[in-house]
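Novice: Contents of data06.pdb (PDB, C-alpha atoms):
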ATOM      1  CA  MET P 103      85.877-173.595   8.168  1.00  0.00           C
ATOM      2  CA  LYS P 104      87.842-172.786   4.993  1.00  0.00           C
ATOM      3  CA  GLN P 105      91.008-172.376   7.045  1.00  0.00           C
ATOM      4  CA  LEU P 106      90.578-175.841   8.488  1.00  0.00           C
ATOM      5  CA  VAL P 107      89.794-177.478   5.155  1.00  0.00           C
ATOM      6  CA  LYS P 108      92.827-176.214   3.238  1.00  0.00           C
ATOM      7  CA  PRO P 109      95.532-177.790   5.449  1.00  0.00           C
ATOM      8  CA  LEU P 110      93.536-180.996   5.446  1.00  0.00           C
ATOM      9  CA  LEU P 111      93.614-180.925   1.653  1.00  0.00           C
ATOM     10  CA  ALA P 112      97.367-181.444   1.756  1.00  0.00           C
ATOM     11  CA  VAL P 113      96.951-184.491   3.971  1.00  0.00           C
ATOM     12  CA  LEU P 114      94.256-185.844   1.654  1.00  0.00           C
ATOM     13  CA  VAL P 115      96.532-185.390  -1.369  1.00  0.00           C
ATOM     14  CA  LEU P 116      99.257-187.373   0.352  1.00  0.00           C
ATOM     15  CA  THR P 117      96.760-190.025   1.464  1.00  0.00           C
ATOM     16  CA  ALA P 118      95.481-190.311  -2.093  1.00  0.00           C
ATOM     17  CA  THR P 119      99.079-190.624  -3.260  1.00  0.00           C
ATOM     18  CA  SER P 120      99.663-193.527  -0.891  1.00  0.00           C
ATOM     19  CA  ALA P 121      96.426-195.214  -1.941  1.00  0.00           C
ATOM     20  CA  ALA P 122      97.286-194.790  -5.609  1.00  0.00           C
ATOM     21  CA  PHE P 123     100.691-196.370  -5.074  1.00  0.00           C
ATOM     22  CA  ALA P 124      99.067-199.326  -3.340  1.00  0.00           C
ATOM     23  CA  GLN P 125      96.590-199.890  -6.182  1.00  0.00           C
ATOM     24  CA  GLN P 126      98.754-199.365  -9.243  1.00  0.00           C
ATOM     25  CA  ALA P 127     101.794-197.418 -10.211  1.00  0.00           C
ATOM     26  CA  PRO P 128     100.720-193.945 -11.303  1.00  0.00           C
ATOM     27  CA  LYS P 129     102.225-192.332 -14.354  1.00  0.00           C
ATOM     28  CA  PRO P 130     105.266-190.116 -13.747  1.00  0.00           C
ATOM     29  CA  GLU P 131     103.291-187.084 -14.929  1.00  0.00           C
ATOM     30  CA  GLN P 132     100.711-187.663 -12.197  1.00  0.00           C
ATOM     31  CA  ILE P 133     103.363-187.990  -9.505  1.00  0.00           C
ATOM     32  CA  ILE P 134     104.999-184.768 -10.699  1.00  0.00           C
ATOM     33  CA  LYS P 135     101.603-183.026 -10.486  1.00  0.00           C
ATOM     34  CA  TRP P 136     101.115-184.269  -6.923  1.00  0.00           C
ATOM     35  CA  ARG P 137     104.625-183.150  -6.001  1.00  0.00           C
ATOM     36  CA  GLN P 138     104.098-179.710  -7.498  1.00  0.00           C
ATOM     37  CA  SER P 139     100.729-179.393  -5.756  1.00  0.00           C
ATOM     38  CA  VAL P 140     102.179-180.252  -2.362  1.00  0.00           C
ATOM     39  CA  TYR P 141     104.836-177.576  -2.748  1.00  0.00           C
ATOM     40  CA  GLN P 142     102.168-175.026  -3.677  1.00  0.00           C
ATOM     41  CA  VAL P 143     100.351-175.834  -0.423  1.00  0.00           C
ATOM     42  CA  LEU P 144     103.642-175.406   1.450  1.00  0.00           C
ATOM     43  CA  ALA P 145     104.231-172.049  -0.269  1.00  0.00           C
ATOM     44  CA  TRP P 146     100.722-170.895   0.627  1.00  0.00           C
ATOM     45  CA  ASN P 147     101.239-171.764   4.295  1.00  0.00           C
ATOM     46  CA  ASN P 148     104.664-170.127   4.339  1.00  0.00           C
ATOM     47  CA  GLY P 149     103.040-166.997   2.920  1.00  0.00           C
ATOM     48  CA  ARG P 150     100.465-167.011   5.720  1.00  0.00           C
ATOM     49  CA  ILE P 151     103.206-167.092   8.330  1.00  0.00           C
ATOM     50  CA  LYS P 152     105.311-164.478   6.562  1.00  0.00           C
ATOM     51  CA  ALA P 153     102.357-162.083   6.384  1.00  0.00           C
ATOM     52  CA  SER P 154     101.801-162.494  10.099  1.00  0.00           C
ATOM     53  CA  VAL P 155     105.406-162.077  11.244  1.00  0.00           C
ATOM     54  CA  GLU P 156     105.911-159.078   8.955  1.00  0.00           C
ATOM     55  CA  GLY P 157     102.533-157.485   9.697  1.00  0.00           C
ATOM     56  CA  THR P 158      99.981-157.817  12.442  1.00  0.00           C
ATOM     57  CA  TYR P 159     100.752-161.034  14.278  1.00  0.00           C
ATOM     58  CA  ASN P 160      97.894-163.537  14.309  1.00  0.00           C
ATOM     59  CA  LYS P 161      98.750-166.412  16.630  1.00  0.00           C
ATOM     60  CA  GLU P 162      95.934-168.702  15.474  1.00  0.00           C
ATOM     61  CA  GLU P 163      96.753-168.186  11.787  1.00  0.00           C
ATOM     62  CA  VAL P 164     100.419-168.950  12.436  1.00  0.00           C
ATOM     63  CA  ILE P 165      99.583-172.063  14.443  1.00  0.00           C
ATOM     64  CA  ARG P 166      97.326-173.400  11.684  1.00  0.00           C
ATOM     65  CA  ALA P 167      99.902-172.725   8.961  1.00  0.00           C
ATOM     66  CA  ALA P 168     102.819-174.109  10.988  1.00  0.00           C
ATOM     67  CA  ASN P 169     100.872-177.268  11.830  1.00  0.00           C
ATOM     68  CA  ALA P 170      99.986-177.759   8.162  1.00  0.00           C
ATOM     69  CA  ILE P 171     103.638-177.401   7.162  1.00  0.00           C
ATOM     70  CA  ALA P 172     104.724-179.861   9.853  1.00  0.00           C
ATOM     71  CA  ALA P 173     102.042-182.349   8.791  1.00  0.00           C
ATOM     72  CA  ILE P 174     103.235-182.224   5.194  1.00  0.00           C
ATOM     73  CA  ALA P 175     106.900-182.423   6.226  1.00  0.00           C
ATOM     74  CA  ASN P 176     106.175-185.561   8.261  1.00  0.00           C
ATOM     75  CA  SER P 177     103.993-187.218   5.614  1.00  0.00           C
ATOM     76  CA  GLY P 178     106.735-188.967   3.651  1.00  0.00           C
ATOM     77  CA  LEU P 179     107.442-186.526   0.834  1.00  0.00           C
ATOM     78  CA  GLY P 180     110.153-188.832  -0.441  1.00  0.00           C
ATOM     79  CA  ALA P 181     107.410-190.978  -1.980  1.00  0.00           C
ATOM     80  CA  LEU P 182     106.850-188.153  -4.467  1.00  0.00           C
ATOM     81  CA  TYR P 183     110.341-188.649  -5.915  1.00  0.00           C
ATOM     82  CA  PRO P 184     110.361-192.159  -7.384  1.00  0.00           C
ATOM     83  CA  ALA P 185     112.688-193.127 -10.216  1.00  0.00           C
ATOM     84  CA  GLY P 186     111.261-191.984 -13.504  1.00  0.00           C
ATOM     85  CA  THR P 187     110.210-188.534 -12.251  1.00  0.00           C
ATOM     86  CA  GLU P 188     113.592-186.865 -12.732  1.00  0.00           C
ATOM     87  CA  THR P 189     112.259-185.251 -15.883  1.00  0.00           C
ATOM     88  CA  GLY P 190     108.816-184.665 -17.261  1.00  0.00           C
ATOM     89  CA  LYS P 191     105.840-182.436 -16.943  1.00  0.00           C
ATOM     90  CA  GLY P 192     103.187-182.251 -14.268  1.00  0.00           C
ATOM     91  CA  TRP P 193     101.355-178.941 -14.187  1.00  0.00           C
ATOM     92  CA  ARG P 194     104.580-177.610 -15.737  1.00  0.00           C
ATOM     93  CA  GLU P 195     108.063-179.004 -16.399  1.00  0.00           C
ATOM     94  CA  THR P 196     109.644-180.364 -13.259  1.00  0.00           C
ATOM     95  CA  THR P 197     112.436-178.248 -11.827  1.00  0.00           C
ATOM     96  CA  VAL P 198     114.050-181.028  -9.811  1.00  0.00           C
ATOM     97  CA  LYS P 199     117.756-181.549 -10.520  1.00  0.00           C
ATOM     98  CA  PRO P 200     118.951-185.083 -11.303  1.00  0.00           C
ATOM     99  CA  GLU P 201     121.281-184.860  -8.276  1.00  0.00           C
ATOM    100  CA  LEU P 202     118.300-185.337  -5.986  1.00  0.00           C
ATOM    101  CA  PHE P 203     118.017-188.887  -7.311  1.00  0.00           C
ATOM    102  CA  THR P 204     121.742-189.651  -7.269  1.00  0.00           C
ATOM    103  CA  ASP P 205     123.002-187.939  -4.092  1.00  0.00           C
ATOM    104  CA  THR P 206     120.607-189.675  -1.753  1.00  0.00           C
ATOM    105  CA  ALA P 207     122.672-188.957   1.367  1.00  0.00           C
ATOM    106  CA  LYS P 208     122.572-185.208   0.758  1.00  0.00           C
ATOM    107  CA  ALA P 209     118.896-185.322  -0.254  1.00  0.00           C
ATOM    108  CA  GLY P 210     118.069-187.300   2.890  1.00  0.00           C
ATOM    109  CA  GLU P 211     119.881-184.788   5.059  1.00  0.00           C
ATOM    110  CA  ALA P 212     117.961-181.923   3.425  1.00  0.00           C
ATOM    111  CA  ALA P 213     114.690-183.761   4.056  1.00  0.00           C
ATOM    112  CA  ARG P 214     115.570-184.427   7.701  1.00  0.00           C
ATOM    113  CA  LYS P 215     116.455-180.764   8.213  1.00  0.00           C
ATOM    114  CA  PHE P 216     113.128-179.702   6.702  1.00  0.00           C
ATOM    115  CA  VAL P 217     111.233-182.067   9.024  1.00  0.00           C
ATOM    116  CA  THR P 218     113.191-180.878  12.069  1.00  0.00           C
ATOM    117  CA  GLU P 219     112.674-177.185  11.319  1.00  0.00           C
ATOM    118  CA  SER P 220     108.987-177.720  10.469  1.00  0.00           C
ATOM    119  CA  ASN P 221     108.380-179.499  13.757  1.00  0.00           C
ATOM    120  CA  GLU P 222     110.251-176.809  15.664  1.00  0.00           C
ATOM    121  CA  LEU P 223     108.219-174.064  13.999  1.00  0.00           C
ATOM    122  CA  ALA P 224     104.958-175.789  14.947  1.00  0.00           C
ATOM    123  CA  LYS P 225     106.169-176.167  18.531  1.00  0.00           C
ATOM    124  CA  VAL P 226     107.229-172.518  18.768  1.00  0.00           C
ATOM    125  CA  ALA P 227     104.050-171.281  17.068  1.00  0.00           C
ATOM    126  CA  ALA P 228     101.982-172.878  19.825  1.00  0.00           C
ATOM    127  CA  THR P 229     103.666-170.599  22.377  1.00  0.00           C
ATOM    128  CA  GLY P 230     102.439-167.441  20.642  1.00  0.00           C
ATOM    129  CA  ASP P 231     105.874-165.801  20.953  1.00  0.00           C
ATOM    130  CA  ALA P 232     106.051-163.760  17.742  1.00  0.00           C
ATOM    131  CA  ALA P 233     109.793-163.107  18.038  1.00  0.00           C
ATOM    132  CA  ALA P 234     110.564-166.807  18.529  1.00  0.00           C
ATOM    133  CA  VAL P 235     108.291-167.702  15.607  1.00  0.00           C
ATOM    134  CA  LYS P 236     110.181-165.270  13.397  1.00  0.00           C
ATOM    135  CA  VAL P 237     113.473-166.985  14.298  1.00  0.00           C
ATOM    136  CA  ALA P 238     112.052-170.486  13.762  1.00  0.00           C
ATOM    137  CA  PHE P 239     110.447-169.381  10.490  1.00  0.00           C
ATOM    138  CA  GLY P 240     113.846-168.085   9.345  1.00  0.00           C
ATOM    139  CA  LYS P 241     115.415-171.462  10.096  1.00  0.00           C
ATOM    140  CA  LEU P 242     112.670-173.230   8.154  1.00  0.00           C
ATOM    141  CA  GLY P 243     113.251-170.855   5.242  1.00  0.00           C
ATOM    142  CA  ALA P 244     116.969-171.599   5.340  1.00  0.00           C
ATOM    143  CA  SER P 245     116.247-175.332   5.129  1.00  0.00           C
ATOM    144  CA  CYS P 246     114.005-174.729   2.110  1.00  0.00           C
ATOM    145  CA  LYS P 247     116.600-172.507   0.447  1.00  0.00           C
ATOM    146  CA  GLY P 248     119.349-175.059   1.032  1.00  0.00           C
ATOM    147  CA  CYS P 249     117.348-177.771  -0.689  1.00  0.00           C
ATOM    148  CA  HIS P 250     116.380-175.444  -3.551  1.00  0.00           C
ATOM    149  CA  ASP P 251     120.022-174.405  -4.023  1.00  0.00           C
ATOM    150  CA  ASP P 252     121.150-178.029  -4.190  1.00  0.00           C
ATOM    151  CA  PHE P 253     118.248-179.775  -5.903  1.00  0.00           C
ATOM    152  CA  ARG P 254     116.089-177.304  -7.821  1.00  0.00           C
ATOM    153  CA  LYS P 255     116.787-175.932 -11.274  1.00  0.00           C
ATOM    154  CA  LYS P 256     116.415-172.205 -11.714  1.00  0.00           C
ATOM    155  CA  ASP P 257     113.052-171.362 -13.255  1.00  0.00           C
TER     156      ASP P 257
END
Would you give me this structure, written as structure tokens?
Specialist:
Amino acid sequence: MKQLVKPLLAVLVLTATSAAFAQQAPKPEQIIKWRQSVYQVLAWNNGRIKASVEGTYNKEEVIRAANAIAAIANSGLGALYPAGTETGKGWRETTVKPELFTDTAKAGEAARKFVTESNELAKVAATGDAAAVKVAFGKLGASCKGCHDDFRKKD
């Protein structure tokens, strides 16, 4: 049950984000907190897949984690980057570079690549082919790294 609830939490956070935007504009600090929280959920799910492909492969665990990542990737993460959130503090200082807000073509391409690789990972995970999952997971990781290299300040 816990494993089912956690991926749904990410969807609920994004749903709450959308509802909050519809009601009133949230403070930049709140948006930064939501953004940071979503990326923690992504990191947790990536860790679940990594543990499986590097250890004893667990098809069901990988499927759940890959589906959660794909759901988040397809949820409209761009809404968590409105003007006014280039700087500030959520749970901690934001590490987003200002270029994310000014080089929208490059940022959009990075987002599209993340969505594509997330969807591919979910598709491959469903097959249960551990070797293919490892390749798809590597491609997803490369998309994450590319975005971090371009748009994330070093901690």
Novice: Could you jot down the CA of Gln138 (chain P) to CA of Val235 (chain P) separation for me, Å, one decimal place?
Specialist: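 CA of Val235 (chain P) lies at a distance of 26.4 Å from CA of Gln138 (chain P).
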Novice: With all atoms listed in the file as the atoms that count, which of P:Leu202, P:Ala173, P:Ala153, P:Val217 lies nearest to Thr187 (chain P)?
Specialist: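 Comparing P:Leu202, P:Ala173, P:Ala153, P:Val217 against Thr187 (chain P), the winner is P:Leu202.
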Novice: Report, in Å to a single decimal, how far apart CA of Ala145 (chain P) and CA of Ser245 (chain P) are.
Specialist: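 About the pair CA of Ser245 (chain P) and CA of Ala145 (chain P): they are 13.6 Å apart.
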Novice: What is the CA of Cys246 (chain P) to CA of Val198 (chain P) distance in Å?
Specialist: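 Computed distance, CA of Cys246 (chain P) to CA of Val198 (chain P), equals 13.5 Å.
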Novice: Applied to this file, what does the PyMOL selection byres ((chain P and resi 181-185) around 10) return in terms of residues, put as a list in words?
Specialist: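 Output from the PyMOL selection byres ((chain P and resi 181-185) around 10), applied to this file: Leu116, Thr119, Ser120, Phe123, Pro130, Gln132, Ile133, Ile134, Lys135, Trp136, Arg137, Gln138, Val140, Ser177, Gly178, Leu179, Gly180, Gly186, Thr187, Glu188, Thr189, Val198, Leu202 and Phe203 of chain P.
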Novice: Just checking: using all atoms listed in the file, which residue out of P:Cys249, P:Lys255, P:Gly240, P:Arg166 ends up closest to Glu211 (chain P)?
Specialist: P:Cys249
Novice: Can you write out as a Markdown table which residues of region 132-200 of chain P fall within 7 Å of region 220-231 of chain P, alongside each residue's closest atom pair and its distance in Å to one decimal, counting only C-alpha atoms and ordering rows by chain and ascending residue number?
Specialist:
| residue | atom | partner | partner_atom | distance |
| --- | --- | --- | --- | --- |
| P:Lys161 | CA | P:Gly230 | CA | 5.5 |
| P:Val164 | CA | P:Ala227 | CA | 6.3 |
| P:Ile165 | CA | P:Ala227 | CA | 5.2 |
| P:Ala168 | CA | P:Ala224 | CA | 4.8 |
| P:Asn169 | CA | P:Ala224 | CA | 5.3 |
| P:Ile171 | CA | P:Ser220 | CA | 6.3 |
| P:Ala172 | CA | P:Ser220 | CA | 4.8 |
| P:Ala175 | CA | P:Ser220 | CA | 6.7 |
Novice: Would you mind telling me which residue in P:Ala238, P:Gln126, P:Gly248, P:Glu201 lies nearest to Ala213 (chain P) when using all atoms listed in the file?
Specialist: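 Ranking P:Ala238, P:Gln126, P:Gly248, P:Glu201 by distance to Ala213 (chain P), first place goes to P:Gly248.
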Novice: Taking all atoms listed in the file into account, which of P:Gln142, P:Asn147, P:Asn176, P:Thr197 comes nearest Phe216 (chain P)?
Specialist: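 Ranking P:Gln142, P:Asn147, P:Asn176, P:Thr197 by distance to Phe216 (chain P), first place goes to P:Asn176.
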Novice: Around all the atoms of region 207-225 of chain P listed in the file, with 6 Å of room on each side, what axis-aligned box do you get, giving centre and edge lengths in Å to one decimal, as JSON?
Specialist:
{"center_x": 113.8, "center_y": -181.5, "center_z": 9.1, "size_x": 29.7, "size_y": 26.9, "size_z": 30.8}
Novice: When you look at Val155 (chain P) with a cut-off of 9 Å (counting all atoms listed in the file), what residues show up, excluding the ones that are within fewer than 5 positions of it in the same chain? I need them as a VMD selection string.
Specialist: chain P and resid 150 160 164 232 to 233 235 to 236 239
Novice: Write out the residues from the selection above, keeping C-alpha atoms, as an mmCIF file, keeping the file's coordinate frame.
Specialist:
data_model
loop_
_atom_site.group_PDB
_atom_site.id
_atom_site.type_symbol
_atom_site.label_atom_id
_atom_site.label_comp_id
_atom_site.auth_asym_id
_atom_site.auth_seq_id
_atom_site.Cartn_x
_atom_site.Cartn_y
_atom_site.Cartn_z
ATOM 1 C CA ARG P 150 100.465 -167.011 5.720
ATOM 2 C CA ASN P 160 97.894 -163.537 14.309
ATOM 3 C CA VAL P 164 100.419 -168.950 12.436
ATOM 4 C CA ALA P 232 106.051 -163.760 17.742
ATOM 5 C CA ALA P 233 109.793 -163.107 18.038
ATOM 6 C CA VAL P 235 108.291 -167.702 15.607
ATOM 7 C CA LYS P 236 110.181 -165.270 13.397
ATOM 8 C CA PHE P 239 110.447 -169.381 10.490
#
Novice: Only N, CA, C and O atoms, as a compact mmCIF listing (two decimals), in the first residue's frame: that is what I want for region 142-161 of chain P.
Specialist:
# COMPACT_ATOMS: atom_id res chain seq x y z
N GLN P 142 12.57 15.94 -5.26
CA GLN P 142 12.91 14.93 -4.26
C GLN P 142 12.18 13.62 -4.55
O GLN P 142 12.75 12.54 -4.41
N VAL P 143 10.92 13.72 -4.97
CA VAL P 143 10.16 12.52 -5.33
C VAL P 143 10.80 11.86 -6.56
O VAL P 143 10.93 10.63 -6.62
N LEU P 144 11.23 12.66 -7.52
CA LEU P 144 11.92 12.10 -8.69
C LEU P 144 13.21 11.40 -8.26
O LEU P 144 13.50 10.29 -8.73
N ALA P 145 13.97 12.03 -7.39
CA ALA P 145 15.23 11.43 -6.92
C ALA P 145 14.96 10.11 -6.20
O ALA P 145 15.69 9.12 -6.40
N TRP P 146 13.93 10.07 -5.39
CA TRP P 146 13.58 8.84 -4.67
C TRP P 146 13.26 7.72 -5.66
O TRP P 146 13.75 6.59 -5.52
N ASN P 147 12.46 8.02 -6.68
CA ASN P 147 12.11 7.00 -7.66
C ASN P 147 13.30 6.59 -8.51
O ASN P 147 13.45 5.41 -8.84
N ASN P 148 14.17 7.52 -8.84
CA ASN P 148 15.40 7.16 -9.55
C ASN P 148 16.24 6.23 -8.70
O ASN P 148 16.83 5.27 -9.22
N GLY P 149 16.32 6.49 -7.41
CA GLY P 149 17.08 5.64 -6.50
C GLY P 149 16.52 4.23 -6.44
O GLY P 149 17.27 3.25 -6.35
N ARG P 150 15.21 4.10 -6.50
CA ARG P 150 14.57 2.78 -6.50
C ARG P 150 14.97 1.99 -7.74
O ARG P 150 15.25 0.79 -7.66
N ILE P 151 15.00 2.66 -8.87
CA ILE P 151 15.38 1.97 -10.11
C ILE P 151 16.87 1.63 -10.08
O ILE P 151 17.27 0.51 -10.42
N LYS P 152 17.68 2.57 -9.66
CA LYS P 152 19.12 2.33 -9.61
C LYS P 152 19.44 1.13 -8.72
O LYS P 152 20.26 0.28 -9.09
N ALA P 153 18.81 1.04 -7.57
CA ALA P 153 19.05 -0.08 -6.66
C ALA P 153 18.69 -1.41 -7.33
O ALA P 153 19.39 -2.41 -7.13
N SER P 154 17.65 -1.39 -8.12
CA SER P 154 17.22 -2.62 -8.78
C SER P 154 18.15 -3.01 -9.94
O SER P 154 18.48 -4.18 -10.08
N VAL P 155 18.54 -2.05 -10.75
CA VAL P 155 19.40 -2.40 -11.90
C VAL P 155 20.83 -2.71 -11.47
O VAL P 155 21.54 -3.42 -12.17
N GLU P 156 21.23 -2.20 -10.31
CA GLU P 156 22.59 -2.49 -9.82
C GLU P 156 22.62 -3.67 -8.85
O GLU P 156 23.68 -4.17 -8.53
N GLY P 157 21.46 -4.09 -8.38
CA GLY P 157 21.38 -5.19 -7.42
C GLY P 157 20.49 -6.29 -7.96
O GLY P 157 20.54 -6.62 -9.14
N THR P 158 19.64 -6.79 -7.10
CA THR P 158 18.68 -7.81 -7.50
C THR P 158 17.52 -7.11 -8.20
O THR P 158 16.86 -6.25 -7.62
N TYR P 159 17.29 -7.49 -9.45
CA TYR P 159 16.27 -6.82 -10.25
C TYR P 159 14.88 -7.16 -9.74
O TYR P 159 14.53 -8.32 -9.55
N ASN P 160 14.08 -6.14 -9.54
CA ASN P 160 12.70 -6.29 -9.08
C ASN P 160 11.80 -5.59 -10.10
O ASN P 160 11.64 -4.37 -10.06
N LYS P 161 11.24 -6.37 -11.00
CA LYS P 161 10.43 -5.83 -12.09
C LYS P 161 9.31 -4.93 -11.59
O LYS P 161 9.12 -3.82 -12.11
